[in-house]
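Printed here is data.txt (compact mmCIF, C-alpha atoms and all ligand atoms):
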# COMPACT_ATOMS: atom_id res chain seq x y z
CA MET A 291 11.91 0.59 -7.82
CA LYS A 292 14.25 1.30 -10.73
CA GLN A 293 16.57 -1.62 -9.97
CA ARG A 294 13.72 -4.12 -9.97
CA PHE A 295 12.07 -2.45 -12.96
CA ASN A 296 15.32 -2.82 -14.95
CA GLU A 297 15.64 -6.49 -14.05
CA ALA A 298 12.07 -7.25 -15.08
CA PHE A 299 12.38 -5.17 -18.26
CA LYS A 300 15.36 -7.24 -19.45
CA LEU A 301 13.31 -10.43 -19.13
CA LEU A 302 10.29 -9.11 -20.98
CA ASN A 303 10.42 -9.39 -24.70
CA ILE A 304 9.29 -5.84 -25.45
CA SER A 305 10.89 -3.15 -27.59
CA PRO A 306 13.60 -1.01 -25.92
CA GLU A 307 11.67 2.19 -26.63
CA MET A 308 9.01 0.97 -24.20
CA TYR A 309 11.54 1.62 -21.43
CA ASP A 310 10.96 5.38 -21.33
CA ILE A 311 7.28 5.03 -22.12
CA LEU A 312 6.91 2.92 -18.98
CA MET A 313 9.40 4.77 -16.81
CA VAL A 314 9.03 8.52 -17.42
CA PRO A 315 6.18 10.16 -15.45
CA ARG A 316 3.46 11.81 -17.58
CA LYS A 317 3.00 14.85 -15.39
CA GLN A 318 4.93 16.50 -12.56
CA VAL A 319 3.25 19.43 -10.89
CA VAL A 320 4.83 21.64 -8.21
CA VAL A 321 2.80 24.37 -6.55
CA GLY A 322 3.43 27.05 -3.92
CA LEU A 323 0.65 27.23 -1.36
CA PRO A 324 0.34 30.42 0.73
CA VAL A 325 -1.50 29.60 3.96
CA THR A 326 -2.44 31.94 6.80
CA MET A 327 -1.17 30.48 10.07
CA ASP A 328 -3.00 30.86 13.37
CA ASP A 329 -0.70 33.70 14.47
CA GLY A 330 -1.68 35.73 11.40
CA SER A 331 1.56 35.17 9.48
CA VAL A 332 1.50 33.68 5.97
CA LYS A 333 3.64 30.67 5.16
CA VAL A 334 4.16 29.26 1.67
CA PHE A 335 4.24 25.46 1.47
CA GLU A 336 5.42 23.37 -1.47
CA GLY A 337 2.95 20.84 -2.87
CA ILE A 338 3.76 18.15 -5.41
CA ARG A 339 1.66 15.82 -7.54
CA VAL A 340 3.20 13.31 -9.92
CA VAL A 341 1.05 11.40 -12.38
CA HIS A 342 3.24 8.52 -13.44
CA SER A 343 0.90 6.80 -15.86
CA THR A 344 -2.63 7.04 -17.23
CA ILE A 345 -2.33 4.21 -19.73
CA LEU A 346 -4.68 1.86 -17.86
CA GLY A 347 -7.09 4.59 -16.72
CA PRO A 348 -7.25 7.57 -14.36
CA SER A 349 -4.28 7.76 -12.03
CA LYS A 350 -4.56 6.79 -8.39
CA GLY A 351 -2.32 7.46 -5.41
CA GLY A 352 -2.06 8.91 -1.93
CA ILE A 353 -1.14 12.33 -0.59
CA ARG A 354 1.45 12.52 2.17
CA PHE A 355 2.13 15.35 4.59
CA ASP A 356 5.73 15.07 5.70
CA PRO A 357 8.76 17.34 6.15
CA ASP A 358 10.82 15.05 3.87
CA VAL A 359 8.50 15.10 0.84
CA ASN A 360 10.58 15.60 -2.30
CA MET A 361 10.17 15.12 -6.03
CA ASP A 362 12.40 12.03 -6.36
CA GLU A 363 10.52 10.19 -3.65
CA VAL A 364 7.10 11.16 -5.02
CA LYS A 365 8.16 10.04 -8.52
CA ALA A 366 9.23 6.61 -7.25
CA LEU A 367 6.06 6.21 -5.19
CA ALA A 368 3.89 7.22 -8.18
CA ALA A 369 5.54 4.57 -10.36
CA TRP A 370 5.01 2.04 -7.59
CA MET A 371 1.28 2.80 -7.74
CA THR A 372 1.23 2.14 -11.50
CA TRP A 373 2.70 -1.34 -10.99
CA LYS A 374 0.52 -2.05 -7.96
CA CYS A 375 -2.72 -1.25 -9.81
CA ALA A 376 -1.59 -3.14 -12.91
CA VAL A 377 -0.58 -6.26 -11.00
CA VAL A 378 -4.05 -6.64 -9.44
CA ASP A 379 -5.65 -5.70 -12.76
CA ILE A 380 -7.66 -2.67 -11.70
CA PRO A 381 -8.21 0.06 -14.33
CA TYR A 382 -5.97 2.74 -12.88
CA GLY A 383 -2.65 4.35 -13.60
CA GLY A 384 -0.36 5.49 -10.80
CA ALA A 385 0.17 8.83 -9.06
CA LYS A 386 1.38 10.25 -5.77
CA GLY A 387 1.34 13.61 -4.10
CA GLY A 388 2.68 15.35 -1.07
CA ILE A 389 3.12 18.57 0.78
CA ARG A 390 6.37 19.41 2.54
CA CYS A 391 5.07 20.26 6.02
CA ASN A 392 5.06 18.93 9.55
CA PRO A 393 1.43 18.24 10.46
CA ARG A 394 2.45 17.42 14.06
CA GLU A 395 3.40 21.06 14.54
CA MET A 396 0.28 22.50 12.89
CA SER A 397 -3.20 23.19 14.26
CA THR A 398 -6.28 21.51 12.78
CA GLY A 399 -7.29 24.82 11.19
CA GLU A 400 -3.87 25.27 9.56
CA ILE A 401 -3.95 21.71 8.20
CA GLU A 402 -7.45 22.25 6.82
CA ARG A 403 -6.48 25.49 5.05
CA LEU A 404 -3.38 23.80 3.63
CA MET A 405 -5.41 20.85 2.31
CA ARG A 406 -7.99 23.16 0.75
CA ALA A 407 -5.24 25.31 -0.83
CA TYR A 408 -3.59 22.19 -2.30
CA THR A 409 -6.93 20.98 -3.67
CA GLY A 410 -7.59 24.39 -5.25
CA ALA A 411 -4.15 24.37 -6.87
CA MET A 412 -4.73 20.84 -8.22
CA LEU A 413 -8.24 21.37 -9.62
CA ASP A 414 -7.08 20.68 -13.15
CA VAL A 415 -5.04 17.63 -12.07
CA PHE A 416 -7.56 15.84 -9.84
CA GLY A 417 -10.87 14.49 -11.09
CA PRO A 418 -12.90 11.28 -10.85
CA ASP A 419 -11.92 10.43 -14.43
CA ARG A 420 -8.45 11.98 -14.27
CA ASP A 421 -6.55 11.53 -11.03
CA ILE A 422 -7.98 10.18 -7.78
CA PRO A 423 -6.07 10.86 -4.55
CA ALA A 424 -6.24 8.96 -1.25
CA PRO A 425 -4.66 9.19 2.22
CA ASP A 426 -1.01 8.36 2.80
CA MET A 427 1.54 9.11 5.53
CA GLY A 428 0.34 12.05 7.68
CA THR A 429 -3.14 12.26 6.15
CA SER A 430 -6.38 10.43 6.91
CA GLU A 431 -10.08 10.42 6.11
CA ARG A 432 -10.33 13.89 7.66
CA GLU A 433 -8.12 15.46 4.98
CA MET A 434 -9.91 13.49 2.24
CA ALA A 435 -13.25 14.93 3.41
CA TRP A 436 -11.84 18.48 3.06
CA LEU A 437 -10.45 17.64 -0.38
CA MET A 438 -13.82 16.30 -1.53
CA ASP A 439 -15.63 19.32 -0.17
CA GLU A 440 -13.26 21.86 -1.74
CA TYR A 441 -13.31 20.10 -5.12
CA SER A 442 -17.12 19.79 -4.99
CA LYS A 443 -17.55 23.50 -4.18
CA SER A 444 -15.47 24.46 -7.20
CA TYR A 445 -17.70 22.40 -9.47
CA GLY A 446 -20.96 23.38 -7.78
CA MET A 447 -21.98 19.78 -7.10
CA THR A 448 -21.01 16.86 -4.90
CA VAL A 449 -18.21 14.88 -6.55
CA ASN A 450 -17.37 12.17 -4.03
CA ALA A 451 -15.61 9.93 -6.57
CA VAL A 452 -12.74 12.46 -6.81
CA VAL A 453 -11.04 10.94 -3.76
CA THR A 454 -11.06 7.65 -1.84
CA GLY A 455 -10.40 6.90 1.81
CA LYS A 456 -13.26 9.20 2.81
CA PRO A 457 -15.32 8.86 5.99
CA LEU A 458 -18.15 6.33 5.59
CA VAL A 459 -20.84 9.04 5.73
CA LEU A 460 -19.27 10.83 2.75
CA GLY A 461 -19.20 7.73 0.57
CA GLY A 462 -16.26 5.84 2.07
CA SER A 463 -16.37 2.08 1.62
CA LEU A 464 -17.04 -0.61 4.16
CA GLY A 465 -14.01 -2.82 4.59
CA ARG A 466 -11.45 -0.18 3.58
CA LYS A 467 -9.82 -0.07 7.01
CA GLU A 468 -9.10 -3.80 7.08
CA ALA A 469 -8.55 -4.12 3.32
CA THR A 470 -4.75 -4.05 3.18
CA GLY A 471 -4.40 -6.47 6.10
CA ARG A 472 -7.03 -8.70 4.56
CA GLY A 473 -5.10 -8.77 1.27
CA VAL A 474 -1.94 -9.68 3.19
CA MET A 475 -3.86 -12.58 4.74
CA THR A 476 -5.21 -13.76 1.36
CA ALA A 477 -1.73 -13.59 -0.17
CA SER A 478 -0.28 -15.48 2.82
CA ILE A 479 -2.85 -18.28 2.64
CA SER A 480 -2.41 -18.56 -1.16
CA ALA A 481 1.37 -18.82 -0.71
CA MET A 482 1.00 -21.41 2.07
CA GLU A 483 -1.04 -23.55 -0.31
CA LYS A 484 1.84 -23.52 -2.80
CA LEU A 485 4.35 -24.38 -0.06
CA ARG A 486 2.01 -27.06 1.31
CA ILE A 487 1.90 -25.40 4.72
CA ASN A 488 -1.30 -26.09 6.63
CA PRO A 489 -2.43 -22.75 8.15
CA TYR A 490 -3.71 -24.63 11.21
CA ARG A 491 -0.19 -25.86 11.88
CA ALA A 492 1.57 -22.67 10.82
CA THR A 493 3.22 -19.97 12.93
CA ALA A 494 3.80 -16.31 12.12
CA ALA A 495 5.55 -13.13 13.24
CA VAL A 496 4.20 -9.73 12.28
CA GLN A 497 6.30 -6.56 12.44
CA GLY A 498 4.23 -3.39 12.92
CA PHE A 499 0.90 -3.35 14.73
CA GLY A 500 -0.80 -0.45 12.98
CA ASN A 501 -3.54 -0.60 10.38
CA VAL A 502 -1.92 -3.22 8.14
CA GLY A 503 -0.09 -5.38 10.71
CA SER A 504 -2.84 -5.71 13.28
CA HIS A 505 -5.58 -6.56 10.78
CA ALA A 506 -3.31 -9.00 8.95
CA ALA A 507 -2.43 -10.69 12.26
CA ALA A 508 -6.07 -10.89 13.38
CA LEU A 509 -7.25 -12.34 10.07
CA LEU A 510 -4.37 -14.84 9.92
CA GLN A 511 -5.30 -15.98 13.42
CA GLU A 512 -8.91 -16.34 12.29
CA ARG A 513 -7.62 -18.69 9.54
CA GLY A 514 -5.85 -20.87 12.12
CA VAL A 515 -2.32 -19.43 12.02
CA LYS A 516 -0.64 -19.13 15.41
CA VAL A 517 0.90 -15.64 15.68
CA LEU A 518 3.91 -16.00 18.00
CA GLY A 519 5.28 -12.48 17.69
CA ILE A 520 4.02 -8.94 17.05
CA SER A 521 5.75 -5.58 17.32
CA ASP A 522 5.54 -1.81 17.10
CA VAL A 523 7.82 1.18 17.74
CA THR A 524 8.01 0.23 21.42
CA GLY A 525 9.53 -3.21 20.73
CA ALA A 526 8.43 -6.77 19.95
CA TYR A 527 6.28 -9.16 21.97
CA TYR A 528 6.66 -12.95 21.86
CA ASN A 529 4.62 -15.84 23.19
CA GLU A 530 5.47 -19.38 22.13
CA ASN A 531 1.85 -20.43 22.65
CA GLY A 532 0.53 -17.71 20.38
CA ILE A 533 -0.70 -14.18 21.11
CA ASP A 534 -4.40 -13.39 21.34
CA ILE A 535 -4.44 -10.71 18.62
CA LEU A 536 -7.85 -9.26 19.43
CA LYS A 537 -6.71 -8.80 23.03
CA ALA A 538 -3.51 -7.13 21.84
CA MET A 539 -5.53 -4.78 19.61
CA GLN A 540 -7.78 -3.93 22.53
CA TYR A 541 -4.72 -3.28 24.71
CA ARG A 542 -3.17 -1.05 22.03
CA ASP A 543 -6.39 0.95 21.63
CA GLN A 544 -6.55 1.56 25.36
CA HIS A 545 -2.88 2.61 25.54
CA LYS A 546 -2.49 5.46 23.04
CA GLY A 547 -2.03 3.09 20.12
CA LEU A 548 1.04 1.38 21.61
CA LEU A 549 1.81 -2.16 22.81
CA GLU A 550 4.21 -0.98 25.56
CA GLY A 551 3.44 -2.92 28.75
CA PHE A 552 1.45 -5.70 27.01
CA SER A 553 1.89 -8.43 29.59
CA GLU A 554 0.67 -11.54 27.75
CA ALA A 555 4.00 -11.92 25.97
CA THR A 556 7.72 -11.59 26.62
CA LYS A 557 9.36 -8.48 25.33
CA ILE A 558 12.04 -9.03 22.67
CA THR A 559 13.62 -6.65 20.14
CA ASN A 560 12.32 -5.90 16.66
CA GLU A 561 15.54 -7.40 15.33
CA GLU A 562 14.83 -10.68 17.18
CA LEU A 563 11.27 -10.74 15.87
CA LEU A 564 12.53 -10.79 12.28
CA THR A 565 14.62 -13.89 12.93
CA LEU A 566 12.10 -15.91 14.97
CA SER A 567 11.62 -19.55 14.04
CA VAL A 568 8.23 -19.20 12.33
CA ASP A 569 6.76 -20.24 8.97
CA LEU A 570 5.56 -16.80 7.95
CA LEU A 571 7.09 -13.36 8.47
CA VAL A 572 4.98 -10.27 7.71
CA PRO A 573 6.94 -7.00 7.73
CA ALA A 574 4.14 -4.42 8.04
CA ALA A 575 5.84 -1.41 9.63
CA LYS A 576 8.14 0.55 7.33
CA GLU A 577 10.66 0.38 4.51
CA ASP A 578 14.17 -1.17 4.57
CA VAL A 579 13.85 -3.33 7.68
CA ILE A 580 15.18 -6.50 6.02
CA THR A 581 18.73 -5.72 4.96
CA ASP A 582 21.85 -7.70 4.09
CA ASP A 583 22.78 -7.44 7.80
CA ASN A 584 19.82 -9.46 9.06
CA ALA A 585 18.52 -11.37 6.00
CA GLY A 586 20.91 -14.25 6.70
CA GLY A 587 19.27 -14.87 10.07
CA ILE A 588 15.68 -15.08 8.82
CA GLN A 589 14.20 -18.51 9.51
CA ALA A 590 10.73 -18.05 7.97
CA LYS A 591 9.91 -20.02 4.82
CA LEU A 592 7.61 -17.31 3.59
CA ILE A 593 7.74 -13.49 3.72
CA VAL A 594 4.63 -11.50 2.80
CA GLU A 595 5.40 -7.79 2.50
CA GLY A 596 2.62 -5.77 4.12
CA ALA A 597 4.73 -2.60 4.18
CA ASN A 598 6.00 -0.79 1.11
CA GLY A 599 9.64 -1.59 0.39
CA PRO A 600 10.47 -3.48 3.62
CA THR A 601 13.25 -5.45 1.89
CA SER A 602 16.28 -3.59 0.59
CA ALA A 603 17.33 -4.55 -2.93
CA SER A 604 20.65 -5.91 -1.62
CA ALA A 605 18.86 -8.32 0.76
CA ASP A 606 16.85 -9.88 -2.10
CA GLU A 607 19.76 -12.01 -3.21
CA ILE A 608 20.39 -13.50 0.24
CA ILE A 609 16.70 -14.28 0.69
CA ASN A 610 16.43 -15.88 -2.73
CA GLU A 611 19.51 -18.00 -2.09
CA LYS A 612 17.94 -19.26 1.13
CA GLY A 613 14.91 -20.37 -0.89
CA ILE A 614 12.47 -18.16 1.03
CA LEU A 615 9.30 -17.38 -0.94
CA VAL A 616 8.65 -13.62 -0.92
CA VAL A 617 5.25 -12.22 -1.86
CA PRO A 618 6.34 -8.69 -2.84
CA ASP A 619 4.77 -5.45 -1.63
CA ILE A 620 3.20 -4.38 -4.93
CA LEU A 621 1.15 -7.58 -4.81
CA ALA A 622 0.84 -8.33 -1.07
CA ASN A 623 -0.42 -4.91 0.04
CA ALA A 624 -2.61 -4.18 -2.98
CA GLY A 625 -5.78 -5.09 -1.05
CA GLY A 626 -6.00 -1.45 0.06
CA VAL A 627 -6.03 0.07 -3.41
CA THR A 628 -8.43 -2.66 -4.51
CA VAL A 629 -11.06 -1.59 -1.97
CA SER A 630 -10.31 2.07 -2.81
CA TYR A 631 -11.26 1.14 -6.36
CA PHE A 632 -14.50 -0.35 -4.99
CA GLU A 633 -15.14 2.92 -3.14
CA TRP A 634 -14.81 4.82 -6.42
CA VAL A 635 -17.08 2.33 -8.23
CA GLN A 636 -19.73 2.64 -5.50
CA ASN A 637 -19.55 6.47 -5.62
CA ARG A 638 -19.98 6.43 -9.38
CA ILE A 639 -22.99 4.13 -9.35
CA GLY A 640 -24.42 5.82 -6.25
CA TYR A 641 -24.91 2.57 -4.40
CA LYS A 642 -23.42 1.01 -1.26
CA TRP A 643 -22.18 -2.56 -1.33
CA THR A 644 -22.35 -4.86 1.69
CA LEU A 645 -19.16 -5.79 3.52
CA ASP A 646 -19.68 -9.37 2.45
CA ARG A 647 -19.69 -8.41 -1.24
CA ILE A 648 -16.60 -6.24 -0.82
CA ASN A 649 -14.66 -8.97 0.97
CA ARG A 650 -15.64 -11.63 -1.56
CA ARG A 651 -14.65 -9.47 -4.52
CA SER A 652 -11.38 -8.24 -3.03
CA ASP A 653 -10.40 -11.79 -2.00
CA ARG A 654 -10.98 -12.94 -5.57
CA ILE A 655 -8.91 -10.10 -7.04
CA MET A 656 -6.04 -10.81 -4.63
CA LYS A 657 -6.16 -14.56 -5.24
CA ASP A 658 -6.22 -14.14 -9.04
CA ALA A 659 -3.33 -11.68 -8.89
CA PHE A 660 -1.36 -14.03 -6.66
CA ASP A 661 -1.86 -16.90 -9.13
CA ARG A 662 -0.85 -14.75 -12.13
CA VAL A 663 2.36 -13.67 -10.44
CA TYR A 664 3.15 -17.12 -9.06
CA ASN A 665 2.65 -18.76 -12.47
CA THR A 666 4.87 -16.14 -14.14
CA SER A 667 7.57 -16.74 -11.54
CA GLN A 668 7.42 -20.48 -12.29
CA GLU A 669 7.42 -19.97 -16.04
CA TYR A 670 10.39 -17.58 -16.08
CA LYS A 671 12.10 -19.14 -13.05
CA VAL A 672 12.36 -15.78 -11.32
CA PRO A 673 11.45 -14.63 -7.80
CA MET A 674 7.87 -13.47 -7.31
CA ARG A 675 9.08 -9.87 -6.94
CA ILE A 676 10.46 -9.78 -10.47
CA ALA A 677 7.45 -11.74 -11.73
CA ALA A 678 5.10 -9.13 -10.22
CA TYR A 679 6.91 -6.34 -12.07
CA MET A 680 6.83 -8.41 -15.27
CA VAL A 681 3.07 -8.98 -15.03
CA ALA A 682 2.44 -5.29 -14.32
CA MET A 683 4.81 -3.89 -16.94
CA LYS A 684 3.54 -6.26 -19.62
CA LYS A 685 -0.03 -5.22 -18.94
CA VAL A 686 0.79 -1.53 -19.25
CA ALA A 687 2.97 -2.09 -22.34
CA ASP A 688 0.31 -4.20 -24.08
CA THR A 689 -2.36 -1.61 -23.33
CA TYR A 690 -0.13 1.17 -24.67
CA LYS A 691 0.23 -0.72 -27.97
CA PHE A 692 -3.55 -0.60 -28.43
CA ARG A 693 -3.88 3.04 -27.39
CA GLY A 694 -0.81 4.24 -29.24
CA GLY A 695 1.12 7.48 -28.94
CA TYR A 696 1.95 10.37 -31.27
P1 LIG B 701 0.46 2.64 10.74
O1 LIG B 701 1.06 3.95 11.03
O2 LIG B 701 -0.98 2.38 11.04
O3 LIG B 701 1.29 1.50 11.53
C1 LIG B 701 2.67 1.39 11.51
C2 LIG B 701 3.08 0.44 12.63
O4 LIG B 701 4.47 0.17 12.53
C3 LIG B 701 2.84 0.99 14.03
O5 LIG B 701 2.42 -0.07 14.88
C4 LIG B 701 4.22 1.47 14.44
O6 LIG B 701 4.38 1.51 15.85
C5 LIG B 701 5.08 0.41 13.81
N1 LIG B 701 6.46 0.79 13.60
C6 LIG B 701 6.97 1.97 13.18
N2 LIG B 701 8.29 1.92 13.14
C7 LIG B 701 8.64 0.69 13.55
C8 LIG B 701 9.87 0.02 13.72
N3 LIG B 701 11.01 0.64 13.48
N4 LIG B 701 9.84 -1.26 14.13
C9 LIG B 701 8.67 -1.88 14.38
N5 LIG B 701 7.49 -1.32 14.25
C10 LIG B 701 7.47 -0.04 13.84
O7 LIG B 701 0.79 2.34 9.21
P2 LIG B 701 0.07 1.31 8.24
O8 LIG B 701 -1.03 2.00 7.54
O9 LIG B 701 -0.20 0.03 8.96
O10 LIG B 701 1.23 1.08 7.17
C11 LIG B 701 2.32 0.22 7.39
C12 LIG B 701 3.07 -0.01 6.10
O11 LIG B 701 2.18 -0.53 5.13
C13 LIG B 701 3.68 1.23 5.46
O12 LIG B 701 4.86 0.85 4.79
C14 LIG B 701 2.63 1.65 4.45
O13 LIG B 701 3.18 2.42 3.40
C15 LIG B 701 2.18 0.29 3.98
N6 LIG B 701 0.86 0.28 3.33
C16 LIG B 701 -0.26 0.69 4.00
C17 LIG B 701 -1.50 0.62 3.38
C18 LIG B 701 -2.76 0.98 4.11
O14 LIG B 701 -3.83 0.76 3.55
N7 LIG B 701 -2.71 1.48 5.34
C19 LIG B 701 -1.59 0.18 2.05
C20 LIG B 701 -0.43 -0.23 1.38
C21 LIG B 701 0.78 -0.18 2.05
What's the structure tokens form of this structure?
Amino acid sequence: MKQRFNEAFKLLNISPEMYDILMVPRKQVVVGLPVTMDDGSVKVFEGIRVVHSTILGPSKGGIRFDPDVNMDEVKALAAWMTWKCAVVDIPYGGAKGGIRCNPREMSTGEIERLMRAYTGAMLDVFGPDRDIPAPDMGTSEREMAWLMDEYSKSYGMTVNAVVTGKPLVLGGSLGRKEATGRGVMTASISAMEKLRINPYRATAAVQGFGNVGSHAAALLQERGVKVLGISDVTGAYYNENGIDILKAMQYRDQHKGLLEGFSEATKITNEELLTLSVDLLVPAAKEDVITDDNAGGIQAKLIVEGANGPTSASADEIINEKGILVVPDILANAGGVTVSYFEWVQNRIGYKWTLDRINRRSDRIMKDAFDRVYNTSQEYKVPMRIAAYMVAMKKVADTYKFRGGY
């Protein structure tokens, strides 16, 4: 994050003192959370919330439950959220939170008590006009429902706009599940237009077949793109005639969420998937999968980053030299936070939008953001990744000038 931030900062004609204003988080909160475990013992967990910026509006960002949660990581992820919201022009700053715990080794009751304890400790941080959490690694709509309930109890009224990613019945939004994959599709089609690639003649490989990857693959297929390869933790699956994505999703859902044994394709390795001869590569699994070891072998003309940070900073140079167009993560996977924003808007006006309205509006936001970043990359002759940071940082810096400081 910092490396790319520095590069973009140098290109922007803004005063050097803006560096710290943009970079230093506004608030870092660490709490100890005593929780009674099922065996009667009490364990104290560490919870973190970092509000990186509130210049554009209330801060927004997920909560992760993971044994590796630490302040440095949460700080970087919070900053990432600031740039992601700014690049798609939604009125939020960035935040992130986490609890150092291993939810896989905890009972449902223990997880619920932990989530409620965290919410109680963060009552003066969270708020529909202050800081709005969402799910992240290790948390889901279930935890968001507990958060909403605990926060609401403390205020003596239902406050569903305090958190997004809630179950539909509690004010969750239609379209949220597919939103990130849909944004990846919109970004891919917009990029294909610039590269003069006809989607009906295009081929793709998608790494990761979870929420983002599978929806992106299905929607790309719907737009005519032939998806030759997909993958998950069990390996990669290739069919030169194209894979029926809906069938693969059905198979995955019937097999504990995994593609292992999917017989309508040949099994290859995840490494081979990345270097397939396709037009479009969508890394949608995890961070640092494209490195200087494999970047040289990538044959795709276009990479659209569904995952956060799938390309290591050192691989950027190789990819740029090869002339591959990269739609960077902070732009490509912003469809999710966009529909989270719609969830918050719907909660605040007390009205439910149709799926059609949500899709139309999120497509327009993604397309406009793509064009802004693409045009900046052309104007400054920089890769889209740096252009995305420039667009985002300029927006926050310009807004700060109007709001002012002390
Ligand atoms: P997920 O857990 O639903 O799916 C992850 C997928 O990646 C699974 O199919 C898993 O088997 C696969 N995978 C894991 N390790 C792999 C490996 N080494 N090689 C190949 N496949 C592997 O997660 P998700 O919600 O789809 O998120 C994927 C990425 O997108 C993450 O980087 C996440 O931070 C990012 N992201 C998600 C959202 C969202 O709305 N879900 C929004 C923005 C960014």
Write as a PyMOL selection string the residues around ligand LIG 701 (chain B), taking 9 Å as the cut-off and counting all atoms listed in the file. chain A and resi 425-428+466-471+497-505+520-526+547-549+559-561+573-577+579+595-600+619-620+622-627
Extract, using all atoms listed in the file, all DNA, RNA and protein residues at most 9 Å from A:Val364, discarding same-chain residues fewer than 6 positions from it, and format them as a PyMOL selection string. chain A and resi 338-340+385-388
Go ahead and write the selection's residues with C-alpha atoms as a PDB file, in the coordinates of the input.
ATOM      1  CA  ILE A 338       3.760  18.150  -5.410  1.00  0.00           C
ATOM      2  CA  ARG A 339       1.660  15.820  -7.540  1.00  0.00           C
ATOM      3  CA  VAL A 340       3.200  13.310  -9.920  1.00  0.00           C
ATOM      4  CA  ALA A 385       0.170   8.830  -9.060  1.00  0.00           C
ATOM      5  CA  LYS A 386       1.380  10.250  -5.770  1.00  0.00           C
ATOM      6  CA  GLY A 387       1.340  13.610  -4.100  1.00  0.00           C
ATOM      7  CA  GLY A 388       2.680  15.350  -1.070  1.00  0.00           C
TER       8      GLY A 388
END
Leaving out stretch 660-673 of chain A and any residue of its chain fewer than 3 positions from it, which residues lie within 9 Å of it when counting only C-alpha atoms, given as a ChimeraX atom specification? /A:301,377-378,476-477,480-481,610,615-617,621-622,655-657,676-681
If I take atom CA of A:Ser430 and atom CA of A:Phe335, how far is one from the other in Å, to one decimal? 19.2 Å
Please determine, counting only C-alpha atoms, which residue among A:Arg542, A:His342, A:Lys557, A:Lys350 has the shortest atom-to-atom distance to A:Tyr631.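 Using only C-alpha atoms, the shortest distance to A:Tyr631 belongs to A:Lys350.
Here atom CA of A:Val321 stands at a distance of 29.1 Å from atom CA of A:Phe295.
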Could you model N, CA, C and O atoms for stretch 546-556 of chain A and present them as a PDB file, in the coordinates of the input?
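Saved result, rebuild27.pdb, follows:
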ATOM      1  N   LYS A 546      -2.983   4.460  23.999  1.00  0.00           N
ATOM      2  CA  LYS A 546      -2.490   5.460  23.040  1.00  0.00           C
ATOM      3  C   LYS A 546      -1.901   4.823  21.782  1.00  0.00           C
ATOM      4  O   LYS A 546      -0.909   5.307  21.229  1.00  0.00           O
ATOM      5  N   GLY A 547      -2.464   3.704  21.367  1.00  0.00           N
ATOM      6  CA  GLY A 547      -2.030   3.090  20.120  1.00  0.00           C
ATOM      7  C   GLY A 547      -0.738   2.297  20.225  1.00  0.00           C
ATOM      8  O   GLY A 547      -0.176   1.887  19.207  1.00  0.00           O
ATOM      9  N   LEU A 548      -0.258   2.075  21.460  1.00  0.00           N
ATOM     10  CA  LEU A 548       1.040   1.380  21.610  1.00  0.00           C
ATOM     11  C   LEU A 548       0.907   0.072  22.404  1.00  0.00           C
ATOM     12  O   LEU A 548       0.027  -0.072  23.253  1.00  0.00           O
ATOM     13  N   LEU A 549       1.836  -0.855  22.134  1.00  0.00           N
ATOM     14  CA  LEU A 549       1.810  -2.160  22.810  1.00  0.00           C
ATOM     15  C   LEU A 549       2.633  -2.155  24.104  1.00  0.00           C
ATOM     16  O   LEU A 549       2.629  -3.145  24.845  1.00  0.00           O
ATOM     17  N   GLU A 550       3.348  -1.070  24.367  1.00  0.00           N
ATOM     18  CA  GLU A 550       4.210  -0.980  25.560  1.00  0.00           C
ATOM     19  C   GLU A 550       3.460  -1.453  26.811  1.00  0.00           C
ATOM     20  O   GLU A 550       2.353  -0.974  27.082  1.00  0.00           O
ATOM     21  N   GLY A 551       4.054  -2.432  27.522  1.00  0.00           N
ATOM     22  CA  GLY A 551       3.440  -2.920  28.750  1.00  0.00           C
ATOM     23  C   GLY A 551       2.500  -4.102  28.529  1.00  0.00           C
ATOM     24  O   GLY A 551       1.943  -4.629  29.497  1.00  0.00           O
ATOM     25  N   PHE A 552       2.327  -4.554  27.294  1.00  0.00           N
ATOM     26  CA  PHE A 552       1.450  -5.700  27.010  1.00  0.00           C
ATOM     27  C   PHE A 552       2.025  -6.938  27.711  1.00  0.00           C
ATOM     28  O   PHE A 552       3.125  -7.387  27.400  1.00  0.00           O
ATOM     29  N   SER A 553       1.265  -7.454  28.680  1.00  0.00           N
ATOM     30  CA  SER A 553       1.890  -8.430  29.590  1.00  0.00           C
ATOM     31  C   SER A 553       1.661  -9.889  29.191  1.00  0.00           C
ATOM     32  O   SER A 553       2.173 -10.784  29.843  1.00  0.00           O
ATOM     33  N   GLU A 554       0.935 -10.140  28.107  1.00  0.00           N
ATOM     34  CA  GLU A 554       0.670 -11.540  27.750  1.00  0.00           C
ATOM     35  C   GLU A 554       1.744 -12.108  26.832  1.00  0.00           C
ATOM     36  O   GLU A 554       1.512 -13.086  26.115  1.00  0.00           O
ATOM     37  N   ALA A 555       2.898 -11.459  26.807  1.00  0.00           N
ATOM     38  CA  ALA A 555       4.000 -11.920  25.970  1.00  0.00           C
ATOM     39  C   ALA A 555       5.305 -11.395  26.555  1.00  0.00           C
ATOM     40  O   ALA A 555       5.307 -10.449  27.334  1.00  0.00           O
ATOM     41  N   THR A 556       6.399 -12.036  26.155  1.00  0.00           N
ATOM     42  CA  THR A 556       7.720 -11.590  26.620  1.00  0.00           C
ATOM     43  C   THR A 556       8.229 -10.540  25.651  1.00  0.00           C
ATOM     44  O   THR A 556       8.084 -10.685  24.436  1.00  0.00           O
TER      45      THR A 556
END
